[in-house]
>>> print(open('model.txt').read())   # compact mmCIF, C-alpha atoms and all ligand atoms
# COMPACT_ATOMS: atom_id res chain seq x y z
CA MET W 1 3.72 75.74 47.77
CA PHE W 2 1.08 73.07 48.14
CA SER W 3 -1.62 75.12 46.43
CA LYS W 4 -0.69 73.33 43.20
CA PHE W 5 -1.94 70.14 44.80
CA SER W 6 -5.53 71.19 44.34
CA GLN W 7 -6.75 68.30 42.25
CA TYR W 8 -7.99 65.70 44.66
CA PHE W 9 -8.16 62.07 43.97
CA THR W 10 -10.96 60.15 45.50
CA LYS W 11 -10.42 56.70 46.74
CA LYS W 12 -12.33 53.63 47.60
CA THR W 13 -13.32 52.64 51.06
CA PHE W 14 -11.58 49.33 51.57
CA GLY W 15 -13.46 46.79 53.62
CA TYR W 16 -10.88 44.75 55.45
CA GLY W 17 -11.38 41.16 56.47
CA SER W 18 -12.74 38.07 54.82
CA LEU W 19 -16.14 39.59 53.94
CA SER W 20 -15.03 42.75 52.24
CA LEU W 21 -18.45 43.55 50.71
CA LEU W 22 -20.17 43.18 54.05
CA SER W 23 -17.41 45.24 55.62
CA LEU W 24 -18.01 47.93 53.02
CA VAL W 25 -21.67 48.07 53.92
CA GLY W 26 -20.68 48.00 57.57
CA ILE W 27 -18.29 50.92 57.15
CA ASN W 28 -20.87 53.09 55.42
CA HIS W 29 -23.33 52.21 58.11
CA GLN W 30 -20.73 53.05 60.74
CA LEU W 31 -20.03 56.42 59.15
CA GLN W 32 -23.71 57.29 59.13
CA LYS W 33 -24.22 56.03 62.65
CA SER W 34 -21.16 57.77 63.97
CA LYS W 35 -22.55 61.17 63.05
CA THR W 36 -24.89 60.85 65.99
CA THR W 37 -22.69 58.72 68.23
CA VAL W 38 -20.70 60.47 70.92
CA TYR W 39 -17.31 58.84 71.22
CA SER W 40 -16.68 56.97 74.42
CA LYS W 41 -14.07 54.47 75.56
CA GLU W 42 -16.73 51.77 75.61
CA ASN W 43 -17.14 51.86 71.81
CA ASP W 44 -15.24 48.99 70.30
CA GLU W 45 -14.21 50.92 67.17
CA ILE W 46 -12.27 54.08 66.64
CA ASN W 47 -11.96 56.20 63.49
CA VAL W 48 -8.37 57.33 63.12
CA CYS W 49 -7.02 59.56 60.35
CA VAL W 50 -3.30 59.82 59.71
CA THR W 51 -2.14 62.63 57.42
CA GLY W 52 1.15 62.38 55.57
CA ALA W 53 0.48 58.66 55.55
CA ALA W 54 2.66 58.07 52.48
CA GLY W 55 5.64 59.57 54.30
CA GLN W 56 8.35 58.21 56.53
CA ILE W 57 6.88 58.76 60.00
CA GLY W 58 3.49 57.51 58.83
CA TYR W 59 5.13 54.32 57.59
CA ALA W 60 6.86 53.75 60.92
CA PHE W 61 3.80 54.69 62.99
CA LEU W 62 1.06 52.60 61.35
CA PRO W 63 2.32 49.22 62.64
CA LEU W 64 2.43 50.63 66.18
CA LEU W 65 -1.14 51.87 65.84
CA LEU W 66 -2.41 48.62 64.37
CA THR W 67 -0.84 46.40 67.00
CA GLY W 68 -2.86 48.06 69.75
CA GLN W 69 -0.06 50.17 71.17
CA CYS W 70 -2.13 53.37 71.16
CA PHE W 71 -5.73 52.36 71.78
CA GLY W 72 -5.51 48.78 73.03
CA ASP W 73 -7.88 46.33 71.40
CA LYS W 74 -10.10 48.91 69.67
CA LYS W 75 -10.83 47.99 66.08
CA ILE W 76 -9.56 50.75 63.83
CA ASN W 77 -11.28 52.39 60.88
CA LEU W 78 -8.15 53.83 59.34
CA ARG W 79 -8.12 56.85 57.05
CA LEU W 80 -4.88 57.68 55.26
CA LEU W 81 -4.51 61.18 53.82
CA ASP W 82 -1.75 62.44 51.57
CA VAL W 83 -1.36 64.68 48.53
CA PRO W 84 -2.58 63.50 45.10
CA GLN W 85 1.01 63.02 43.91
CA ALA W 86 1.47 60.39 46.62
CA GLU W 87 -1.47 58.26 45.47
CA SER W 88 0.63 55.38 44.23
CA ILE W 89 2.76 55.32 47.39
CA LEU W 90 -0.38 55.39 49.49
CA GLN W 91 -1.69 52.45 47.48
CA GLY W 92 1.53 50.60 48.27
CA VAL W 93 1.10 51.37 51.97
CA GLU W 94 -2.43 50.00 51.76
CA LEU W 95 -1.17 46.80 50.12
CA GLU W 96 1.31 46.34 52.93
CA LEU W 97 -1.34 46.97 55.54
CA GLN W 98 -3.43 44.23 53.96
CA ASP W 99 -0.41 41.94 53.99
CA GLY W 100 0.16 42.71 57.65
CA ALA W 101 -3.15 40.91 58.43
CA TYR W 102 -3.65 43.09 61.49
CA PRO W 103 -6.60 41.77 63.52
CA LEU W 104 -7.38 45.31 64.72
CA LEU W 105 -7.70 46.79 61.23
CA LYS W 106 -11.40 47.13 60.49
CA SER W 107 -11.27 49.27 57.36
CA ILE W 108 -8.98 51.46 55.30
CA LYS W 109 -9.91 54.58 53.39
CA THR W 110 -7.24 56.49 51.46
CA GLY W 111 -7.24 59.74 49.54
CA SER W 112 -6.29 63.40 49.41
CA ASN W 113 -9.60 65.04 50.25
CA GLU W 114 -9.63 65.98 53.92
CA SER W 115 -13.38 66.63 53.86
CA ILE W 116 -13.90 62.94 53.11
CA LEU W 117 -11.07 61.56 55.20
CA PHE W 118 -11.88 63.60 58.35
CA GLN W 119 -15.56 62.63 58.29
CA ASP W 120 -16.52 61.54 61.82
CA VAL W 121 -12.95 60.98 62.95
CA ASP W 122 -12.27 60.32 66.62
CA VAL W 123 -8.54 60.89 66.36
CA ALA W 124 -6.50 62.78 63.77
CA VAL W 125 -2.72 62.51 63.66
CA PHE W 126 -1.25 65.32 61.57
CA ILE W 127 2.07 64.14 60.20
CA GLY W 128 1.57 65.55 56.69
CA GLY W 129 3.94 68.31 55.64
CA PHE W 130 7.52 68.95 54.65
CA PRO W 131 10.29 67.75 56.95
CA ARG W 132 13.26 70.05 57.43
CA LYS W 133 16.48 69.54 55.55
CA PRO W 134 20.04 70.31 56.65
CA GLY W 135 20.50 74.07 57.14
CA MET W 136 16.86 74.72 58.09
CA GLU W 137 15.30 75.51 61.47
CA ARG W 138 11.88 74.00 62.13
CA LYS W 139 10.21 77.40 62.02
CA ASP W 140 11.43 77.78 58.41
CA LEU W 141 8.62 75.34 57.62
CA LEU W 142 5.95 77.68 58.93
CA THR W 143 4.86 79.13 55.59
CA ILE W 144 4.76 75.81 53.77
CA ASN W 145 3.21 73.68 56.48
CA GLY W 146 1.12 76.45 58.10
CA ASN W 147 -1.01 76.74 54.96
CA ILE W 148 -1.79 73.05 55.14
CA PHE W 149 -3.13 73.50 58.67
CA LYS W 150 -5.51 76.32 57.76
CA LYS W 151 -7.12 74.14 55.11
CA GLN W 152 -7.18 71.01 57.22
CA GLY W 153 -8.53 72.96 60.20
CA GLN W 154 -11.51 74.07 58.11
CA ALA W 155 -12.26 70.51 57.08
CA LEU W 156 -11.85 69.22 60.63
CA ASP W 157 -14.23 71.90 61.87
CA THR W 158 -16.87 70.91 59.35
CA VAL W 159 -16.82 67.12 59.28
CA ALA W 160 -14.96 65.66 62.27
CA LYS W 161 -16.69 64.65 65.49
CA LYS W 162 -16.71 67.52 67.97
CA THR W 163 -15.00 65.12 70.36
CA CYS W 164 -12.16 64.52 67.90
CA LYS W 165 -8.68 64.57 69.46
CA SER W 166 -5.86 65.96 67.33
CA LEU W 167 -2.13 65.43 67.60
CA VAL W 168 0.11 67.61 65.41
CA VAL W 169 3.52 66.24 64.49
CA ALA W 170 4.44 68.23 61.36
CA ASN W 171 6.80 71.11 62.09
CA PRO W 172 6.72 73.69 63.44
CA ALA W 173 4.42 71.48 65.48
CA ASN W 174 3.29 73.92 68.18
CA THR W 175 2.32 76.71 65.82
CA ASN W 176 0.79 74.38 63.23
CA CYS W 177 -1.34 73.02 66.06
CA LEU W 178 -2.33 76.54 67.08
CA ILE W 179 -3.40 77.31 63.50
CA LEU W 180 -5.41 74.08 63.46
CA ALA W 181 -7.09 74.76 66.81
CA GLU W 182 -7.90 78.37 65.93
CA THR W 183 -9.36 77.32 62.57
CA ALA W 184 -11.40 74.37 63.84
CA LYS W 185 -13.29 76.63 66.22
CA SER W 186 -16.19 74.30 66.92
CA ILE W 187 -13.89 71.71 68.53
CA PRO W 188 -12.78 72.43 72.13
CA LYS W 189 -9.21 73.71 72.46
CA GLN W 190 -8.63 70.99 75.07
CA ASN W 191 -8.78 68.45 72.21
CA PHE W 192 -5.62 69.71 70.47
CA SER W 193 -2.03 68.82 71.20
CA ALA W 194 1.37 68.90 69.54
CA LEU W 195 4.17 66.41 69.91
CA THR W 196 6.95 67.13 72.40
CA ARG W 197 7.05 63.55 73.61
CA LEU W 198 10.06 62.89 71.42
CA ASP W 199 11.95 65.60 73.33
CA HIS W 200 10.64 64.16 76.61
CA ASN W 201 11.87 60.68 75.66
CA ARG W 202 15.22 62.12 74.60
CA ALA W 203 15.57 63.81 77.98
CA ILE W 204 14.74 60.60 79.87
CA SER W 205 17.18 58.65 77.77
CA GLN W 206 20.05 61.11 78.29
CA ILE W 207 19.49 61.07 82.06
CA ALA W 208 19.37 57.26 82.12
CA LEU W 209 22.62 57.09 80.15
CA LYS W 210 24.32 59.58 82.46
CA ALA W 211 22.99 57.88 85.62
CA GLY W 212 23.72 54.39 84.34
CA CYS W 213 20.20 53.24 85.11
CA SER W 214 17.32 51.93 83.07
CA ILE W 215 14.78 54.12 81.30
CA THR W 216 12.01 53.17 83.70
CA ASP W 217 14.07 54.38 86.66
CA VAL W 218 13.80 57.97 85.39
CA LYS W 219 10.56 59.84 86.11
CA ASN W 220 9.03 63.27 85.67
CA VAL W 221 11.41 65.19 83.45
CA ILE W 222 9.64 68.10 81.75
CA ILE W 223 9.85 69.72 78.35
CA TRP W 224 8.60 73.31 78.53
CA GLY W 225 7.58 75.37 75.51
CA ASN W 226 8.33 74.92 71.86
CA HIS W 227 9.43 71.84 69.93
CA SER W 228 12.50 73.76 68.82
CA THR W 229 15.98 74.59 70.06
CA THR W 230 14.46 77.03 72.61
CA GLN W 231 12.61 74.23 74.43
CA TYR W 232 13.56 73.86 78.08
CA PRO W 233 14.27 70.30 79.24
CA ASP W 234 13.86 70.63 83.01
CA VAL W 235 15.10 68.00 85.48
CA ASN W 236 14.25 69.91 88.67
CA HIS W 237 11.13 67.88 89.44
CA GLY W 238 12.39 64.54 88.20
CA THR W 239 13.78 61.50 89.95
CA VAL W 240 16.17 58.62 89.30
CA LEU W 241 15.31 55.53 91.36
CA GLY W 242 13.19 57.77 93.59
CA LYS W 243 16.00 60.24 94.29
CA ARG W 244 16.08 63.80 92.90
CA ILE W 245 17.86 63.84 89.52
CA ARG W 246 20.15 66.67 90.63
CA GLN W 247 21.20 64.71 93.73
CA PHE W 248 21.61 61.44 91.89
CA ILE W 249 23.67 62.84 89.02
CA ASN W 250 25.44 65.43 91.15
CA ASP W 251 26.80 67.38 88.18
CA GLU W 252 25.23 70.86 87.96
CA ALA W 253 27.42 71.95 85.06
CA TYR W 254 26.25 68.99 82.99
CA LEU W 255 22.58 69.36 83.88
CA ASN W 256 22.49 73.12 83.29
CA ASN W 257 24.43 73.10 80.03
CA ALA W 258 25.38 70.00 78.03
CA PHE W 259 22.23 68.06 78.93
CA ILE W 260 19.90 70.90 77.96
CA GLU W 261 21.73 71.65 74.74
CA ARG W 262 21.90 67.98 73.75
CA VAL W 263 18.13 67.56 74.05
CA GLN W 264 17.38 70.92 72.41
CA LYS W 265 19.56 70.08 69.42
CA ARG W 266 18.98 66.34 69.18
CA GLY W 267 16.76 66.68 66.10
CA GLY W 268 19.61 68.49 64.35
CA GLU W 269 22.09 65.85 65.49
CA VAL W 270 19.95 63.11 63.95
CA LEU W 271 19.38 65.18 60.81
CA ALA W 272 23.12 65.73 60.34
CA ALA W 273 23.89 62.03 60.81
CA ARG W 274 21.03 60.54 58.78
CA LYS W 275 20.69 63.37 56.26
CA ASN W 276 17.02 62.96 57.07
CA SER W 277 15.05 64.00 60.11
CA SER W 278 14.01 61.62 62.90
CA VAL W 279 11.50 58.97 61.89
CA MET W 280 11.65 55.84 64.05
CA SER W 281 11.92 57.78 67.30
CA ALA W 282 9.23 60.23 66.16
CA ALA W 283 6.79 57.42 65.38
CA ASN W 284 7.53 55.86 68.76
CA ALA W 285 6.84 59.19 70.47
CA VAL W 286 3.53 59.55 68.62
CA LYS W 287 2.59 56.13 69.97
CA ASP W 288 3.61 57.07 73.53
CA HIS W 289 1.72 60.38 73.37
CA LEU W 290 -1.51 58.79 72.14
CA HIS W 291 -1.24 55.83 74.50
CA ASP W 292 -0.81 57.97 77.61
CA TRP W 293 -3.42 60.54 76.59
CA TYR W 294 -5.94 57.75 75.97
CA PHE W 295 -5.12 55.29 78.77
CA GLY W 296 -3.82 57.80 81.29
CA THR W 297 -0.50 58.45 82.98
CA LYS W 298 0.68 56.32 85.91
CA SER W 299 -0.07 57.54 89.40
CA GLY W 300 2.43 60.17 90.53
CA GLU W 301 3.95 60.50 87.07
CA PHE W 302 3.64 63.12 84.40
CA VAL W 303 4.62 63.44 80.75
CA SER W 304 5.15 66.39 78.41
CA MET W 305 2.52 67.46 75.90
CA ALA W 306 2.22 70.71 74.00
CA VAL W 307 -1.31 71.94 74.76
CA TYR W 308 -3.36 75.12 74.70
CA SER W 309 -1.94 77.43 77.34
CA ASP W 310 -4.35 78.60 80.02
CA GLY W 311 -2.01 81.05 81.78
CA SER W 312 -0.34 78.35 83.89
CA TYR W 313 3.21 79.24 84.95
CA GLY W 314 2.84 82.76 83.59
CA VAL W 315 2.70 81.67 79.97
CA PRO W 316 0.23 83.84 78.05
CA LYS W 317 -3.05 82.20 77.13
CA GLY W 318 -3.49 81.10 73.53
CA LEU W 319 -0.20 79.39 72.72
CA ILE W 320 0.37 75.70 72.16
CA PHE W 321 2.96 75.23 74.88
CA SER W 322 4.63 72.09 76.16
CA TYR W 323 3.77 71.49 79.81
CA PRO W 324 3.99 68.65 82.29
CA VAL W 325 0.59 66.95 82.20
CA THR W 326 -1.23 64.07 83.76
CA CYS W 327 -3.79 62.23 81.67
CA SER W 328 -6.83 60.07 82.21
CA ASN W 329 -9.73 59.03 79.98
CA PHE W 330 -8.37 60.84 76.92
CA ASN W 331 -8.11 64.11 78.84
CA TYR W 332 -5.11 65.93 80.25
CA LYS W 333 -4.49 68.30 83.13
CA ILE W 334 -1.53 70.65 83.32
CA VAL W 335 0.43 69.82 86.49
CA GLN W 336 0.06 72.76 88.87
CA GLY W 337 2.07 74.08 91.77
CA LEU W 338 5.61 73.20 90.70
CA ASN W 339 8.23 75.51 92.12
CA ILE W 340 9.99 77.30 89.25
CA ASP W 341 13.42 78.74 90.06
CA GLU W 342 14.92 81.83 88.39
CA PHE W 343 17.05 79.77 85.98
CA SER W 344 13.95 77.92 84.79
CA LYS W 345 11.83 81.10 84.60
CA GLU W 346 14.34 82.60 82.19
CA LYS W 347 14.40 79.47 80.03
CA ILE W 348 10.60 79.40 79.97
CA ARG W 349 10.54 83.09 79.03
CA ILE W 350 12.87 82.48 76.05
CA THR W 351 10.78 79.68 74.58
CA THR W 352 7.57 81.66 75.23
CA GLU W 353 9.01 84.60 73.27
CA GLU W 354 9.73 82.34 70.34
CA LEU W 355 6.21 80.94 70.32
CA LEU W 356 4.74 84.44 70.49
CA SER W 357 6.87 85.44 67.53
CA GLU W 358 5.84 82.33 65.53
CA LYS W 359 2.21 83.08 66.39
CA ALA W 360 2.58 86.66 65.18
CA ASP W 361 4.10 85.42 61.89
CA ALA W 362 1.44 82.76 61.44
CA PHE W 363 -1.49 85.10 61.98
CA SER W 364 -0.08 88.21 60.30
CA ALA W 365 -1.09 87.19 56.76
N1 LIG W 401 7.15 66.99 66.39
C1 LIG W 401 8.15 66.14 66.26
O1 LIG W 401 8.71 65.67 67.26
C2 LIG W 401 8.66 65.75 64.90
C3 LIG W 401 8.12 66.30 63.77
N2 LIG W 401 8.56 65.93 62.52
C4 LIG W 401 7.89 66.52 61.38
O2 LIG W 401 6.95 65.57 60.86
C5 LIG W 401 6.67 65.87 59.50
C6 LIG W 401 6.70 64.62 58.65
O3 LIG W 401 7.99 64.05 58.62
P1 LIG W 401 8.30 62.79 57.66
O4 LIG W 401 7.24 61.78 57.75
O5 LIG W 401 9.70 62.41 57.94
O6 LIG W 401 8.24 63.51 56.24
P2 LIG W 401 7.97 62.85 54.81
O7 LIG W 401 8.33 63.86 53.79
O8 LIG W 401 8.55 61.49 54.72
O9 LIG W 401 6.38 62.66 54.81
C7 LIG W 401 5.51 63.73 54.84
C8 LIG W 401 4.29 63.36 54.05
O10 LIG W 401 3.36 64.42 54.16
C9 LIG W 401 2.70 64.52 52.91
N3 LIG W 401 2.00 65.79 52.79
C10 LIG W 401 2.47 66.98 52.39
N4 LIG W 401 1.48 67.87 52.35
C11 LIG W 401 0.36 67.25 52.76
C12 LIG W 401 -0.98 67.63 52.90
N5 LIG W 401 -1.39 68.87 52.60
N6 LIG W 401 -1.87 66.73 53.34
C13 LIG W 401 -1.48 65.46 53.62
N7 LIG W 401 -0.22 65.03 53.45
C14 LIG W 401 0.68 65.91 53.04
C15 LIG W 401 3.83 64.31 51.90
O11 LIG W 401 3.32 64.00 50.60
C16 LIG W 401 4.58 63.16 52.55
O12 LIG W 401 4.06 61.92 52.13
C17 LIG W 401 7.69 66.94 59.10
O13 LIG W 401 7.09 68.21 59.12
C18 LIG W 401 8.75 66.83 60.18
O14 LIG W 401 9.47 68.02 60.33
C19 LIG W 401 9.56 65.01 62.39
C20 LIG W 401 10.14 64.45 63.49
C21 LIG W 401 9.76 64.77 64.82
O1 LIG W 402 14.47 68.14 63.83
C1 LIG W 402 13.66 67.88 62.93
O2 LIG W 402 13.53 68.52 61.89
C2 LIG W 402 12.74 66.73 63.17
C3 LIG W 402 12.25 66.86 64.53
O3 LIG W 402 11.37 67.62 64.80
C4 LIG W 402 13.01 66.18 65.59
O4 LIG W 402 13.80 65.27 65.32
O5 LIG W 402 12.81 66.54 66.75
>>> encode(input="model.txt", output="C-alpha cells", more="lines below")
Ligand SMILES: NC(=O)C1=CN([C@@H]2O[C@H](COP(=O)(O)OP(=O)(O)OC[C@H]3O[C@@H](n4cnc5c(N)ncnc54)[C@H](O)[C@@H]3O)[C@@H](O)[C@H]2O)C=CC1
Ligand SMILES: O=C([O-])CC(=O)C(=O)O
Amino acid sequence: MFSKFSQYFTKKTFGYGSLSLLSLVGINHQLQKSKTTVYSKENDEINVCVTGAAGQIGYAFLPLLLTGQCFGDKKINLRLLDVPQAESILQGVELELQDGAYPLLKSIKTGSNESILFQDVDVAVFIGGFPRKPGMERKDLLTINGNIFKKQGQALDTVAKKTCKSLVVANPANTNCLILAETAKSIPKQNFSALTRLDHNRAISQIALKAGCSITDVKNVIIWGNHSTTQYPDVNHGTVLGKRIRQFINDEAYLNNAFIERVQKRGGEVLAARKNSSVMSAANAVKDHLHDWYFGTKSGEFVSMAVYSDGSYGVPKGLIFSYPVTCSNFNYKIVQGLNIDEFSKEKIRITTEELLSEKADAFSA
C-alpha cells in the first residue's frame, strides 16, 4: 500500500539554537565525524531517529525525549521521518519543537528518505506505520507495515551505526522487529527490540488497582511473547510490597482469568472507547523502555522487552519474544532460571505458536 509513496522529499538540516549557521556546520561535521566514532555513554550527543514522527504517538513521545526522560542530559540530534504526504505536518511538528525551546535539542532533520535520516543514528524508534482500526487485530497490519520494515531495514543496514539500537512500536511490533533485524543483517540482533512495555505497565497498574497500593509497590510482573491478545501477563514472580502477588491479592480466579484477559485486550478496550488506538500510554511506554534499556533496571527488578529469542524458556530461536529482562549500559539480559509452572508453559506455548505463524506469513513472500 505504501509503494505509492515512492517520491521522497528532501529536507533541510535545521541547526537549532541561537547560532543556526554554526550549528549547521557543526551538524555536518558531527555526521562526518560520527561515521568513525563508536557510540559510548560518555559522548554528550546522541543521534535519534523517530519514524512516523508526524503521527500521534510521535507527537506525544517527542516532548518526553527532549526533556531528558530517555537519555538524561544528552544533547539530541533529532531526525524525524515520515511519508512525503506528511511533509506539511512534519513541518508543523518542527515549528512546535522550535517553540518548545528544549535545551537538549541540538538539531532537527526531517524528511521521508530513510537513507538520509538513518545516517549514523545511535537510536531508531520505529513508530511509522498504520495503526489498527476497530474490527482489526494487530496482525492484520502485517502486510501493510511489514513492507515498510523491509525497506527501512535495508537503509538501517547500510547507513546506521553498527551500534544502533532499534525499538519497534508499529504493529505487529514483534514481527515487524523481526523483519527489521533479519534485513539489517550487519547490526547485531541484540540491538533490536519491540515494545511490550505498554503491556507491562498495564499489568502493573491493574495489580496496583486490585491491591489498593501504589504503582511503585508492584514489582517484577512479566509479559511473555507477542504484543497481541495471546501475550501472557504473568504475576508468578512478582511482588506487592515485597510479598508474592498471589499471596497479597489472594484471588486465584481473578489472577488466572480476568486479570490476564484485561491486560491482553486492553489495547482493544482503549480502541473501542477512543475510536483510536492508544497514544499517550504508548508514548509513555516508549520512554520507559528506552530509559531502562539505556540507564539500566534497578537492582533486583526486571522489566519486559520483546527481544531476539535465544532458546530461553524453550522458545525457539529467531523470534522477537517478550521476556523478563534486566538492563545495564544499553544492553539487556534475559532473566534466567525462573520456575515456569504448567499453566504458564501452556500460555507461553500459545503465544509462541502465534509468533511462529506470523513469522511464516512474513517470510513466505
Ligand atoms: N507496540 C505498542 O505497544 C503499540 C503500537 N502501536 C502502533 O504504533 C503505530 C503508530 O501509531 P500512531 O502514532 O497512533 O499512528 P498514526 O497514524 O497517528 O501515525 C503513524 C505515522 O506513521 C507514518 N508512516 C506511515 N508509513 C511510514 C513510513 N513508511 N515511514 C515513516 N512513517 C510512516 C504515517 O504517515 C503517520 O504519520 C501503529 O502501527 C500502532 O498500531 C500503537 C500503540 C501501542
Ligand atoms: O491495540 C492497538 O492497536 C494499539 C496497541 O498496540 C495497544 O494499545 O496496545
>>> residues_near_ligand(input="model.txt", ligand="ligand LIG 401 (chain W)", cutoff="8 Å", atoms="all atoms listed in the file", output="PyMOL selection string")
chain W and resi 2+5+51-59+81-83+85-86+112+114+126-132+138+141+145+148-149+152+168-173+194-199+227+267+276-279+281-283+285
>>> atom_distance(input="model.txt", atom1="CA of Asn77 (chain W)", atom2="CA of Glu96 (chain W)")
16.1 Å
>>> closest_residue(input="model.txt", among="W:Ala272, W:Ile207, W:Val303, W:Ile348", to="ligand LIG 402 (chain W)", atoms="all atoms listed in the file")
W:Ala272
>>> residues_around(input="model.txt", residues="region 287-295 of chain W", least_positions_apart="5", cutoff="10 Å", atoms="all atoms listed in the file", output="ChimeraX atom specification")
/W:41,61-62,64-65,68-72,123,125,165-167,193-198,201,281-282,302-305,325-332
>>> atom_distance(input="model.txt", atom1="CA of Lys243 (chain W)", atom2="CA of Gly314 (chain W)")
28.2 Å
>>> atom_distance(input="model.txt", atom1="CA of Lys75 (chain W)", atom2="CA of Pro103 (chain W)")
7.9 Å
>>> closest_residue(input="model.txt", among="W:Thr158, W:Ser364, W:Thr229, W:Gln206", to="Leu255 (chain W)", atoms="all atoms listed in the file")
W:Gln206
>>> residues_around(input="model.txt", residues="Ala101 (chain W)", least_positions_apart="3", cutoff="12 Å", atoms="only C-alpha atoms", output="PyMOL selection string")
chain W and resi 16-18+63+66-67+94-98+104-107
>>> closest_residue(input="model.txt", among="W:Asn220, W:Thr175, W:Asn226, W:Gln264", to="Ile245 (chain W)", atoms="only C-alpha atoms")
W:Asn220
>>> residues_around(input="model.txt", residues="Leu78 (chain W)", least_positions_apart="5", cutoff="9 Å", atoms="all atoms listed in the file", output="VMD selection string")
chain W and resid 46 to 50 105 to 110
>>> closest_residue(input="model.txt", among="W:Ile187, W:Ala253, W:Val218, W:Ile144", to="Lys162 (chain W)", atoms="all atoms listed in the file")
W:Ile187
>>> closest_residue(input="model.txt", among="W:Ser228, W:Ser344, W:Gln247, W:Gln91", to="ligand LIG 402 (chain W)", atoms="only C-alpha atoms and all ligand atoms")
W:Ser228
>>> closest_residue(input="model.txt", among="W:Thr239, W:Cys164, W:Gln119, W:Asn174", to="ligand LIG 402 (chain W)", atoms="all atoms listed in the file")
W:Asn174
